[in-house]
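Next up, protein.cif (mmCIF, C-alpha atoms):
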data_entry
#
loop_
_atom_site.label_atom_id
_atom_site.label_comp_id
_atom_site.auth_asym_id
_atom_site.auth_seq_id
_atom_site.Cartn_x
_atom_site.Cartn_y
_atom_site.Cartn_z
CA MET A 1 -5.85 -30.75 1.45
CA TYR A 2 -3.78 -27.89 2.76
CA ALA A 3 -4.37 -25.70 -0.31
CA LYS A 4 -8.01 -25.37 0.70
CA GLU A 5 -6.91 -24.37 4.22
CA MET A 6 -4.70 -21.64 2.80
CA ALA A 7 -7.53 -20.20 0.70
CA LYS A 8 -9.94 -20.41 3.64
CA GLN A 9 -7.57 -18.60 5.99
CA SER A 10 -6.31 -15.77 3.82
CA LEU A 11 -9.16 -15.08 1.37
CA PRO A 12 -11.56 -13.45 3.91
CA LEU A 13 -8.84 -11.14 5.23
CA ILE A 14 -7.74 -10.17 1.70
CA VAL A 15 -11.34 -9.36 0.71
CA LEU A 16 -11.82 -7.41 3.97
CA CYS A 17 -8.70 -5.31 3.27
CA GLY A 18 -10.09 -4.84 -0.26
CA LEU A 19 -13.29 -3.37 1.25
CA GLY A 20 -11.16 -0.89 3.20
CA ALA A 21 -9.39 -0.05 -0.06
CA ILE A 22 -12.79 0.65 -1.68
CA VAL A 23 -13.39 3.32 0.99
CA ALA A 24 -9.95 4.81 0.26
CA GLY A 25 -10.67 4.63 -3.49
CA SER A 26 -14.05 6.32 -3.07
CA THR A 27 -12.29 9.21 -1.31
CA LEU A 28 -9.89 9.35 -4.25
CA SER A 29 -12.80 9.53 -6.69
CA LEU A 30 -14.19 12.55 -4.79
CA MET A 31 -10.97 14.43 -5.60
CA VAL A 32 -11.46 14.67 -9.40
CA ASP A 33 -12.09 18.45 -9.25
CA LEU A 34 -8.88 18.95 -7.28
CA PHE A 35 -6.90 16.82 -9.77
CA ASN A 36 -8.21 19.15 -12.48
CA LYS A 37 -7.23 22.31 -10.57
CA ILE A 38 -3.86 21.18 -9.17
CA PRO A 39 -1.52 19.67 -11.77
CA GLY A 40 0.82 17.07 -10.28
CA LEU A 41 -1.45 16.28 -7.32
CA ILE A 42 -2.38 12.84 -8.66
CA VAL A 43 1.35 11.97 -8.96
CA VAL A 44 1.95 12.12 -5.19
CA ILE A 45 -0.95 9.81 -4.20
CA PRO A 46 0.77 6.38 -4.49
CA GLY A 47 3.91 7.78 -2.84
CA ILE A 48 2.15 9.20 0.23
CA ILE A 49 0.09 6.04 0.72
CA ALA A 50 3.20 3.82 0.43
CA MET A 51 5.20 6.07 2.79
CA ARG A 52 2.44 6.04 5.41
CA GLY A 53 2.09 2.25 5.13
CA ASN A 54 5.83 1.64 5.45
CA ILE A 55 6.49 4.04 8.34
CA GLY A 56 3.32 2.99 10.20
CA THR A 57 3.83 -0.77 10.01
CA ALA A 58 7.53 -0.42 10.91
CA LEU A 59 6.54 1.60 14.01
CA GLY A 60 3.91 -0.98 14.96
CA SER A 61 6.36 -3.83 14.50
CA ARG A 62 9.11 -2.05 16.54
CA LEU A 63 6.64 -1.42 19.38
CA GLY A 64 5.66 -5.09 19.19
CA SER A 65 9.31 -6.10 19.61
CA ALA A 66 9.72 -3.56 22.45
CA TYR A 67 6.80 -5.22 24.22
CA HIS A 68 8.34 -8.67 23.84
CA LEU A 69 11.67 -7.31 25.11
CA GLY A 70 9.87 -5.94 28.16
CA ILE A 71 10.75 -2.31 27.38
CA ILE A 72 7.15 -1.04 27.26
CA ASP A 73 3.88 -2.32 28.67
CA ASP A 74 0.52 -0.84 29.60
CA GLU A 75 1.80 0.43 32.99
CA ASN A 76 4.92 1.93 31.48
CA LEU A 77 3.78 3.11 28.06
CA TRP A 78 4.75 6.76 27.74
CA ASN A 79 8.48 6.37 28.32
CA GLU A 80 11.64 7.56 26.55
CA ASP A 81 11.74 4.57 24.14
CA LEU A 82 8.22 5.27 22.92
CA LYS A 83 9.07 8.98 22.51
CA GLN A 84 12.18 8.18 20.43
CA ASN A 85 10.06 5.89 18.22
CA ILE A 86 7.43 8.59 17.73
CA ILE A 87 10.05 11.29 16.97
CA GLY A 88 11.81 8.95 14.52
CA SER A 89 8.55 8.21 12.72
CA PHE A 90 7.76 11.97 12.50
CA VAL A 91 11.18 12.98 11.19
CA LEU A 92 10.95 10.21 8.56
CA SER A 93 7.46 11.37 7.53
CA PHE A 94 8.69 14.94 7.15
CA LEU A 95 11.82 14.06 5.13
CA VAL A 96 10.09 11.54 2.88
CA SER A 97 7.20 13.98 2.26
CA ILE A 98 9.70 16.56 0.99
CA ILE A 99 11.32 13.90 -1.24
CA ILE A 100 7.90 12.91 -2.67
CA GLY A 101 6.94 16.53 -3.37
CA VAL A 102 10.25 17.40 -5.02
CA LEU A 103 10.36 14.19 -7.12
CA ALA A 104 6.74 14.67 -8.24
CA TYR A 105 7.56 18.24 -9.27
CA ILE A 106 10.76 17.38 -11.17
CA SER A 107 9.31 14.30 -12.90
CA SER A 108 6.27 16.36 -13.98
CA LEU A 109 8.53 19.00 -15.52
CA ILE A 110 10.30 16.27 -17.51
CA ILE A 111 7.05 15.06 -19.09
CA GLY A 112 5.83 18.59 -19.75
CA VAL A 113 3.37 19.24 -16.90
CA TYR A 114 4.06 22.38 -14.87
CA PRO A 115 2.81 22.15 -11.27
CA ASN A 116 3.11 24.94 -8.71
CA PRO A 117 6.05 23.62 -6.64
CA ALA A 118 5.17 25.49 -3.42
CA LEU A 119 1.55 24.32 -3.54
CA LEU A 120 2.42 20.69 -4.36
CA ILE A 121 5.19 20.30 -1.77
CA THR A 122 3.16 22.02 0.98
CA ILE A 123 0.20 19.70 0.33
CA VAL A 124 2.43 16.61 0.60
CA ILE A 125 4.14 17.80 3.82
CA LEU A 126 0.82 18.78 5.42
CA ALA A 127 -0.82 15.46 4.46
CA GLY A 128 2.26 13.49 5.59
CA ILE A 129 2.48 15.22 8.99
CA ILE A 130 -1.27 15.19 9.79
CA SER A 131 -1.75 11.55 8.76
CA GLY A 132 1.41 10.71 10.74
CA LEU A 133 0.01 12.43 13.83
CA ILE A 134 -3.36 10.65 13.61
CA LEU A 135 -1.82 7.25 12.86
CA ASN A 136 0.82 7.55 15.61
CA LEU A 137 -1.94 8.27 18.13
CA LEU A 138 -3.96 5.39 16.71
CA THR A 139 -0.93 3.06 16.96
CA ILE A 140 -0.39 3.98 20.62
CA GLY A 141 -4.11 3.47 21.28
CA ILE A 142 -4.12 0.05 19.58
CA ILE A 143 -0.89 -0.98 21.35
CA TYR A 144 -2.33 0.06 24.73
CA LEU A 145 -5.55 -1.92 24.20
CA VAL A 146 -3.60 -4.94 22.94
CA PHE A 147 -1.31 -4.82 26.02
CA ARG A 148 -4.26 -4.52 28.40
CA ARG A 149 -5.90 -7.58 26.88
CA GLY A 150 -2.65 -9.54 26.80
CA TYR A 151 -2.67 -10.15 23.03
CA ASP A 152 0.46 -10.30 20.89
CA PRO A 153 0.79 -6.85 19.22
CA ASP A 154 2.64 -8.46 16.26
CA ASN A 155 -0.58 -10.14 15.14
CA ILE A 156 -2.79 -7.05 15.38
CA THR A 157 -0.98 -3.81 14.57
CA GLY A 158 0.05 -4.68 10.98
CA PRO A 159 -3.37 -5.46 9.47
CA ALA A 160 -5.14 -2.83 11.62
CA LEU A 161 -2.74 -0.06 10.59
CA ALA A 162 -2.74 -1.12 6.93
CA THR A 163 -6.53 -0.96 6.72
CA PHE A 164 -7.10 2.29 8.65
CA GLY A 165 -3.88 3.82 7.35
CA ASP A 166 -4.91 4.03 3.68
CA ILE A 167 -8.31 5.54 4.49
CA ILE A 168 -6.93 8.13 6.95
CA THR A 169 -4.09 9.01 4.57
CA MET A 170 -6.49 9.56 1.66
CA LEU A 171 -8.70 11.79 3.80
CA CYS A 172 -5.62 13.80 4.89
CA ILE A 173 -4.47 14.33 1.28
CA PHE A 174 -8.01 15.37 0.35
CA GLY A 175 -8.20 17.82 3.30
CA SER A 176 -4.72 19.29 2.75
CA ALA A 177 -5.35 19.80 -0.98
CA LEU A 178 -8.71 21.50 -0.31
CA LEU A 179 -7.16 23.75 2.32
CA MET A 180 -4.07 24.76 0.32
CA GLU A 181 -6.09 25.26 -2.84
CA ALA A 182 -8.31 27.69 -0.91
CA ILE A 183 -5.35 29.57 0.65
CA LEU A 184 -2.94 29.80 -2.29
CA MET B 1 16.65 3.07 26.43
CA ILE B 2 17.36 1.06 23.27
CA TYR B 3 15.70 3.26 20.64
CA ASN B 4 17.13 6.45 19.22
CA TRP B 5 15.22 8.53 16.68
CA LYS B 6 18.36 9.21 14.63
CA THR B 7 19.01 5.46 14.16
CA ILE B 8 15.37 4.92 13.18
CA VAL B 9 15.64 7.67 10.54
CA LYS B 10 19.03 6.45 9.30
CA ASN B 11 17.81 2.84 8.93
CA GLY B 12 14.50 3.76 7.34
CA LEU B 13 15.41 6.51 4.89
CA PRO B 14 17.34 4.64 2.13
CA LEU B 15 14.69 1.94 1.53
CA LEU B 16 11.86 4.46 1.81
CA THR B 17 13.53 6.70 -0.76
CA ILE B 18 13.86 3.81 -3.24
CA ALA B 19 10.21 2.84 -2.65
CA VAL B 20 9.06 6.43 -3.13
CA ILE B 21 10.97 6.77 -6.43
CA ALA B 22 9.11 3.69 -7.74
CA GLU B 23 5.80 5.10 -6.48
CA ILE B 24 6.43 8.38 -8.35
CA PHE B 25 6.58 6.27 -11.54
CA ALA B 26 3.18 4.85 -10.59
CA GLY B 27 1.94 8.40 -9.98
CA GLN B 28 3.16 9.57 -13.37
CA ILE B 29 1.28 6.69 -15.06
CA LEU B 30 -1.83 7.98 -13.25
CA GLN B 31 -1.15 11.53 -14.44
CA GLY B 32 -0.66 10.30 -18.02
CA ASN B 33 -4.11 8.68 -17.88
CA GLU B 34 -5.77 11.48 -15.91
CA LYS B 35 -8.41 12.13 -18.60
CA LEU B 36 -9.71 8.55 -18.40
CA LEU B 37 -9.72 8.65 -14.58
CA ILE B 38 -11.67 11.91 -14.53
CA THR B 39 -14.27 10.75 -17.07
CA LEU B 40 -14.59 7.30 -15.45
CA PRO B 41 -13.90 7.78 -11.70
CA ILE B 42 -14.84 4.12 -11.12
CA PHE B 43 -11.22 3.36 -12.07
CA LEU B 44 -10.00 5.79 -9.39
CA ILE B 45 -11.98 3.77 -6.83
CA SER B 46 -10.42 0.57 -8.22
CA ILE B 47 -6.75 1.59 -7.95
CA PRO B 48 -6.26 1.19 -4.16
CA VAL B 49 -8.22 -2.10 -4.36
CA ILE B 50 -6.10 -3.56 -7.18
CA ASN B 51 -2.93 -2.64 -5.28
CA SER B 52 -4.17 -3.81 -1.88
CA VAL B 53 -5.17 -7.28 -3.09
CA GLY B 54 -2.01 -7.71 -5.17
CA GLY B 55 0.26 -6.56 -2.34
CA ASN B 56 -1.48 -8.78 0.23
CA ILE B 57 -1.36 -11.91 -1.94
CA GLY B 58 2.31 -11.25 -2.73
CA SER B 59 3.15 -10.74 0.96
CA VAL B 60 1.29 -13.90 2.03
CA LEU B 61 3.00 -15.92 -0.70
CA GLY B 62 6.38 -14.45 0.25
CA ALA B 63 5.87 -15.27 3.94
CA ARG B 64 4.84 -18.84 3.07
CA LEU B 65 7.83 -19.34 0.77
CA ALA B 66 10.13 -17.92 3.47
CA SER B 67 8.78 -20.33 6.08
CA GLY B 68 9.09 -23.24 3.63
CA LEU B 69 12.69 -22.36 2.78
CA HIS B 70 13.61 -21.91 6.47
CA VAL B 71 12.04 -25.19 7.55
CA GLY B 72 13.16 -27.02 4.42
CA TYR B 73 9.90 -28.24 2.87
CA ILE B 74 10.47 -25.90 -0.09
CA THR B 75 13.71 -26.22 -2.06
CA ARG B 76 15.31 -23.49 -4.11
CA SER B 77 14.26 -24.99 -7.45
CA LEU B 78 11.94 -23.65 -10.13
CA LYS B 79 10.49 -27.18 -10.36
CA ASP B 80 9.57 -27.40 -6.67
CA LYS B 81 6.07 -28.89 -6.44
CA GLU B 82 5.21 -27.17 -3.14
CA MET B 83 6.16 -23.80 -4.62
CA HIS B 84 4.00 -24.46 -7.70
CA ASP B 85 1.03 -25.30 -5.46
CA ASN B 86 1.50 -22.06 -3.53
CA VAL B 87 1.61 -20.02 -6.73
CA LEU B 88 -1.51 -21.72 -8.12
CA ILE B 89 -3.45 -21.12 -4.91
CA SER B 90 -2.38 -17.46 -5.00
CA LEU B 91 -3.78 -17.17 -8.53
CA LEU B 92 -7.04 -18.78 -7.41
CA ILE B 93 -7.36 -16.48 -4.38
CA GLY B 94 -6.60 -13.50 -6.63
CA PHE B 95 -9.26 -14.53 -9.13
CA ILE B 96 -11.97 -14.88 -6.45
CA ALA B 97 -10.97 -11.69 -4.59
CA TYR B 98 -10.88 -9.50 -7.72
CA PHE B 99 -14.17 -10.96 -8.98
CA VAL B 100 -16.02 -10.29 -5.69
CA LEU B 101 -14.44 -6.85 -5.14
CA GLY B 102 -15.03 -5.87 -8.80
CA ILE B 103 -18.78 -6.39 -8.34
CA ILE B 104 -18.75 -4.44 -5.04
CA ILE B 105 -16.80 -1.54 -6.62
CA TYR B 106 -19.37 -1.38 -9.41
CA LEU B 107 -22.22 -1.26 -6.91
CA VAL B 108 -20.50 1.47 -4.84
CA ALA B 109 -19.74 3.49 -7.99
CA SER B 110 -23.33 3.18 -9.23
CA LEU B 111 -24.50 4.85 -5.98
CA GLY B 112 -22.48 7.91 -7.03
CA ASN B 113 -23.72 7.70 -10.66
CA ASN B 114 -20.18 7.00 -11.85
CA VAL B 115 -21.01 4.10 -14.17
CA SER B 116 -22.94 5.62 -17.07
CA ASP B 117 -20.24 4.76 -19.65
CA ILE B 118 -19.40 1.19 -18.67
CA ASP B 119 -21.47 -1.91 -17.88
CA LEU B 120 -20.98 -4.38 -15.05
CA ILE B 121 -19.70 -7.30 -17.14
CA GLU B 122 -17.16 -5.19 -19.01
CA PHE B 123 -15.91 -3.58 -15.79
CA VAL B 124 -15.59 -6.82 -13.81
CA THR B 125 -13.79 -8.44 -16.78
CA ILE B 126 -11.28 -5.57 -16.83
CA ILE B 127 -10.66 -5.83 -13.07
CA VAL B 128 -10.32 -9.64 -13.10
CA LEU B 129 -7.94 -9.60 -16.09
CA THR B 130 -5.83 -6.80 -14.56
CA GLY B 131 -5.79 -8.60 -11.22
CA PHE B 132 -4.95 -11.99 -12.72
CA LEU B 133 -2.06 -10.54 -14.73
CA LEU B 134 -0.85 -8.65 -11.65
CA VAL B 135 -0.98 -11.68 -9.32
CA PHE B 136 0.77 -13.80 -11.94
CA VAL B 137 3.70 -11.37 -12.24
CA ILE B 138 3.76 -10.67 -8.47
CA ALA B 139 3.96 -14.43 -7.82
CA ILE B 140 6.98 -14.70 -10.12
CA VAL B 141 8.64 -11.67 -8.46
CA SER B 142 7.85 -13.13 -5.04
CA VAL B 143 9.42 -16.53 -5.86
CA ILE B 144 12.53 -14.97 -7.44
CA THR B 145 12.99 -12.50 -4.56
CA ALA B 146 12.52 -15.22 -1.94
CA PHE B 147 14.95 -17.63 -3.66
CA ILE B 148 17.64 -15.01 -4.30
CA SER B 149 17.48 -13.47 -0.82
CA PHE B 150 17.59 -16.94 0.76
CA LYS B 151 20.56 -17.92 -1.41
CA TYR B 152 22.54 -14.93 -0.14
CA GLY B 153 21.71 -15.61 3.50
CA LEU B 154 19.18 -12.79 3.82
CA ASP B 155 15.85 -13.46 5.52
CA PRO B 156 13.13 -13.48 2.81
CA ASP B 157 10.69 -12.39 5.55
CA ASP B 158 12.38 -8.96 5.58
CA ILE B 159 12.78 -8.58 1.84
CA VAL B 160 9.84 -10.07 -0.09
CA ALA B 161 6.95 -7.98 1.34
CA PRO B 162 8.43 -4.51 0.68
CA VAL B 163 9.67 -5.57 -2.77
CA VAL B 164 6.37 -7.08 -3.95
CA THR B 165 4.19 -4.28 -2.55
CA THR B 166 6.29 -1.59 -4.27
CA VAL B 167 6.66 -3.48 -7.57
CA GLY B 168 2.96 -4.42 -7.34
CA ASP B 169 1.86 -0.77 -6.98
CA VAL B 170 3.63 0.25 -10.19
CA LEU B 171 2.59 -2.85 -12.17
CA GLY B 172 -1.03 -2.80 -10.91
CA ILE B 173 -1.53 0.74 -12.21
CA GLY B 174 0.35 -0.05 -15.44
CA PHE B 175 -1.65 -3.23 -16.13
CA LEU B 176 -4.98 -1.46 -15.47
CA PHE B 177 -4.31 1.01 -18.28
CA LEU B 178 -2.93 -1.75 -20.50
CA ILE B 179 -6.16 -3.74 -20.15
CA THR B 180 -8.48 -0.69 -20.47
CA GLY B 181 -6.48 0.15 -23.62
CA VAL B 182 -7.05 -3.36 -25.00
CA PHE B 183 -10.76 -2.92 -24.32
CA GLY B 184 -10.69 0.39 -26.20
CA ILE B 185 -11.49 2.55 -23.17
CA TRP B 186 -9.28 5.61 -23.15
#
Kindly present the structure from the file in structure tokens form.
Amino acid sequence: MYAKEMAKQSLPLIVLCGLGAIVAGSTLSLMVDLFNKIPGLIVVIPGIIAMRGNIGTALGSRLGSAYHLGIIDDENLWNEDLKQNIIGSFVLSFLVSIIIGVLAYISSLIIGVYPNPALLITIVILAGIISGLILNLLTIGIIYLVFRRGYDPDNITGPALATFGDIITMLCIFGSALLMEAIL
Amino acid sequence: MIYNWKTIVKNGLPLLTIAVIAEIFAGQILQGNEKLLITLPIFLISIPVINSVGGNIGSVLGARLASGLHVGYITRSLKDKEMHDNVLISLLIGFIAYFVLGIIIYLVASLGNNVSDIDLIEFVTIIVLTGFLLVFVIAIVSVITAFISFKYGLDPDDIVAPVVTTVGDVLGIGFLFLITGVFGIW
């Protein structure tokens, strides 16, 4: 019965990703004091996580295609195509972070919460850029190892980035909020 | 050189902006229920889990429907038996995953003394009901998105995953507060 096959193949991976999400969620639960002190901070959380996931998996999947097209490999990794991909992913992170911060601020005003716009937008940009930096480096690292071992990057980068991505992103939001709350 | 950062930004920005607008809705639902989340942080731990499982099941279902439509063993009909089987299995996988993860969340939260106001059975029931409702709606969205995109000659493989993960994030958070409300936890 193929239904049993389907459950057997995808259930373990789904539960495993769920365990990663518990780590991300535990980080979130450590931020309750910050949510109290910084109005609007909780609004940006789903947006930043979704942005990181989208930009990261798109980068991983483009690098996978580049490998299959023969444009990059482990001997010729740090070339102009990789650089353009990294720059593109950074510019997107920066622009989308600003959009998230501004939308969170405006939508909060509409429902009668008054965040500090400078604080909120700076936290989002900082978290977006730092998590982007760490995850870009991680992507290149994973891609390099995958190339060396001769695996297909399309099968590895997606799940690996999705699992590590949420945790690293949560930690970056936590760190940026702590830092900005202390400075401003 | 085939990649240019400007093209990457231009292609990525419109869809990302739409996704982010939906996620701000999800964020505002969180802000509206901030008091509950601060008094019972166990629900803060649960949110990424609810969304991760829902998004993954939706993406797997979408990919399977796409393959079936491409190869031809699934037809674009709401009565398709193969499609029904896929949806039912998704519901079963969702039930098991939310049940197991609900228990683990409770154990993790009890290490941090975050469970004084809720017991295990009540919490796991809330998570399983939220998850079941979410997977049910995600499955419907996944089928509709796959069928419509296939009808218009678009590849469901490109469309279904981003749609169900974004819709799932908003609905997952919404359903959680719906169910906690039904249980009288505010």
Margin query: Applying 6 Å and only C-alpha atoms, which residues near region 85-91 of chain A remain after dropping the ones on its own chain fewer than 2 positions away? List them as a ChimeraX atom specification.
Written below: /A:82-83,93-94 /B:5,8-9
Residues from last step as file, C-alpha atoms, as a short mmCIF file (atom, residue, chain, number, x, y, z; two decimals), keeping the file's coordinate frame:
data_model
loop_
_atom_site.label_atom_id
_atom_site.label_comp_id
_atom_site.auth_asym_id
_atom_site.auth_seq_id
_atom_site.Cartn_x
_atom_site.Cartn_y
_atom_site.Cartn_z
CA LEU A 82 8.22 5.27 22.92
CA LYS A 83 9.07 8.98 22.51
CA SER A 93 7.46 11.37 7.53
CA PHE A 94 8.69 14.94 7.15
CA TRP B 5 15.22 8.53 16.68
CA ILE B 8 15.37 4.92 13.18
CA VAL B 9 15.64 7.67 10.54
#
Item checked: Which residue of B:Leu88, B:Asp119, B:Gly94, B:Leu65 approaches Thr145 (chain B) most closely, using only C-alpha atoms ->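 Of all the options, B:Leu65 lies closest to Thr145 (chain B).
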Margin query: What's around Val15 (chain A) at 9 Å? Count all atoms listed in the file, leave out sequence neighbours fewer than 4 positions away in its own chain, and write the answer as number ranges by chain.
Written below: A: 10-11, 19-20; B: 53, 97-98, 100-101
Note to self: What would the selection look like, as a count of residues only, if the PyMOL selection byres ((chain A) within 7 of (chain B)) were run on the coordinates I just shared?
What the structure shows: 32
Checklist line | Neighbours of point (-2.1, 4.9, 20.7) within 12 Å, using all atoms listed in the file, written as a list in words | finding: Gly56, Leu59, Gly60, Leu63, Asp74, Leu77, Trp78, Leu82, Ile86, Leu133, Ile134, Leu135, Asn136, Leu137, Leu138, Thr139, Ile140, Gly141, Ile142, Ile143, Tyr144, Leu145, Val146, Phe147, Thr157 and Leu161 of chain A
Note to self: Evaluated on this file, the PyMOL selection byres ((chain A and resi 177) around 10) picks out some residues - which ones are they, written as number ranges by chain?
What the structure shows: A: 31, 34-35, 38, 41, 119-120, 122-124, 126-127, 171-176, 178-183
Item checked: Computed interatomic separation between CA of Thr125 (chain B) and CA of Val163 (chain B) (Å) -> 27.5 Å
Next item on the list: With a distance cut-off of 8 Å and only C-alpha atoms, select the neighbouring residues of Ser131 (chain A), excluding the residue or stretch itself and same-chain residues fewer than 5 positions from it, and output the selection as a PyMOL selection string.
Entry: chain A and resi 52+168-169+172
Next item on the list: To verify the selection step, state as a PyMOL selection string which residues the PyMOL selection byres ((chain B and resi 130) around 8) yields on this input.
Entry: chain B and resi 126-129+131-134+172+175-176+179
Next item on the list: Go ahead and compute the interatomic distance for CA of Thr75 (chain B) and CA of Tyr152 (chain B), in Å to one decimal.
Entry: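 Going from CA of Thr75 (chain B) over to CA of Tyr152 (chain B), I get 14.5 Å.
In this model, the gap between CA of Asn54 (chain A) and CA of Ala162 (chain A) comes to 9.1 Å.
Restricting the calculation to only C-alpha atoms, the smallest distance between Gly64 (chain A) and any of A:Asp33, A:Glu5, A:Asp166, A:Asp154 is found for A:Asp154.
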Taking the partial coordinates given, rebuild region 52-75 of chain B to contain N, CA and C atoms; return it as a compact mmCIF listing (two decimals), in the frame of the given file.
# COMPACT_ATOMS: atom_id res chain seq x y z
N SER B 52 -4.06 -3.16 -3.18
CA SER B 52 -4.17 -3.81 -1.88
C SER B 52 -4.20 -5.33 -2.01
N VAL B 53 -5.06 -5.83 -2.92
CA VAL B 53 -5.17 -7.28 -3.09
C VAL B 53 -3.85 -7.87 -3.60
N GLY B 54 -3.27 -7.22 -4.62
CA GLY B 54 -2.01 -7.71 -5.17
C GLY B 54 -0.91 -7.74 -4.12
N GLY B 55 -0.77 -6.65 -3.37
CA GLY B 55 0.26 -6.56 -2.34
C GLY B 55 0.06 -7.61 -1.26
N ASN B 56 -1.21 -7.80 -0.83
CA ASN B 56 -1.48 -8.78 0.23
C ASN B 56 -1.18 -10.20 -0.23
N ILE B 57 -1.61 -10.55 -1.45
CA ILE B 57 -1.36 -11.91 -1.94
C ILE B 57 0.14 -12.15 -2.08
N GLY B 58 0.86 -11.13 -2.60
CA GLY B 58 2.31 -11.25 -2.73
C GLY B 58 3.00 -11.43 -1.38
N SER B 59 2.54 -10.66 -0.37
CA SER B 59 3.15 -10.74 0.96
C SER B 59 2.88 -12.09 1.62
N VAL B 60 1.63 -12.59 1.46
CA VAL B 60 1.29 -13.90 2.03
C VAL B 60 2.13 -14.98 1.37
N LEU B 61 2.20 -14.93 0.02
CA LEU B 61 3.00 -15.92 -0.70
C LEU B 61 4.47 -15.86 -0.27
N GLY B 62 4.99 -14.62 -0.16
CA GLY B 62 6.38 -14.45 0.25
C GLY B 62 6.64 -15.02 1.64
N ALA B 63 5.72 -14.76 2.57
CA ALA B 63 5.87 -15.27 3.94
C ALA B 63 5.84 -16.78 3.95
N ARG B 64 4.95 -17.37 3.11
CA ARG B 64 4.84 -18.84 3.07
C ARG B 64 6.09 -19.47 2.45
N LEU B 65 6.59 -18.83 1.39
CA LEU B 65 7.83 -19.34 0.77
C LEU B 65 8.98 -19.24 1.77
N ALA B 66 9.05 -18.11 2.50
CA ALA B 66 10.13 -17.92 3.47
C ALA B 66 10.10 -19.02 4.53
N SER B 67 8.89 -19.29 5.07
CA SER B 67 8.78 -20.33 6.08
C SER B 67 9.20 -21.68 5.51
N GLY B 68 8.74 -21.98 4.27
CA GLY B 68 9.09 -23.24 3.63
C GLY B 68 10.58 -23.40 3.42
N LEU B 69 11.24 -22.31 3.00
CA LEU B 69 12.69 -22.36 2.78
C LEU B 69 13.43 -22.54 4.10
N HIS B 70 12.97 -21.81 5.15
CA HIS B 70 13.61 -21.91 6.47
C HIS B 70 13.50 -23.32 7.03
N VAL B 71 12.27 -23.88 6.95
CA VAL B 71 12.04 -25.19 7.55
C VAL B 71 12.59 -26.30 6.65
N GLY B 72 12.56 -26.05 5.33
CA GLY B 72 13.16 -27.02 4.42
C GLY B 72 12.16 -27.79 3.59
N TYR B 73 10.84 -27.50 3.70
CA TYR B 73 9.90 -28.24 2.87
C TYR B 73 9.73 -27.58 1.50
N ILE B 74 10.39 -26.44 1.26
CA ILE B 74 10.47 -25.90 -0.09
C ILE B 74 11.96 -25.81 -0.45
N THR B 75 12.30 -26.31 -1.64
CA THR B 75 13.71 -26.22 -2.06
C THR B 75 13.84 -25.11 -3.09
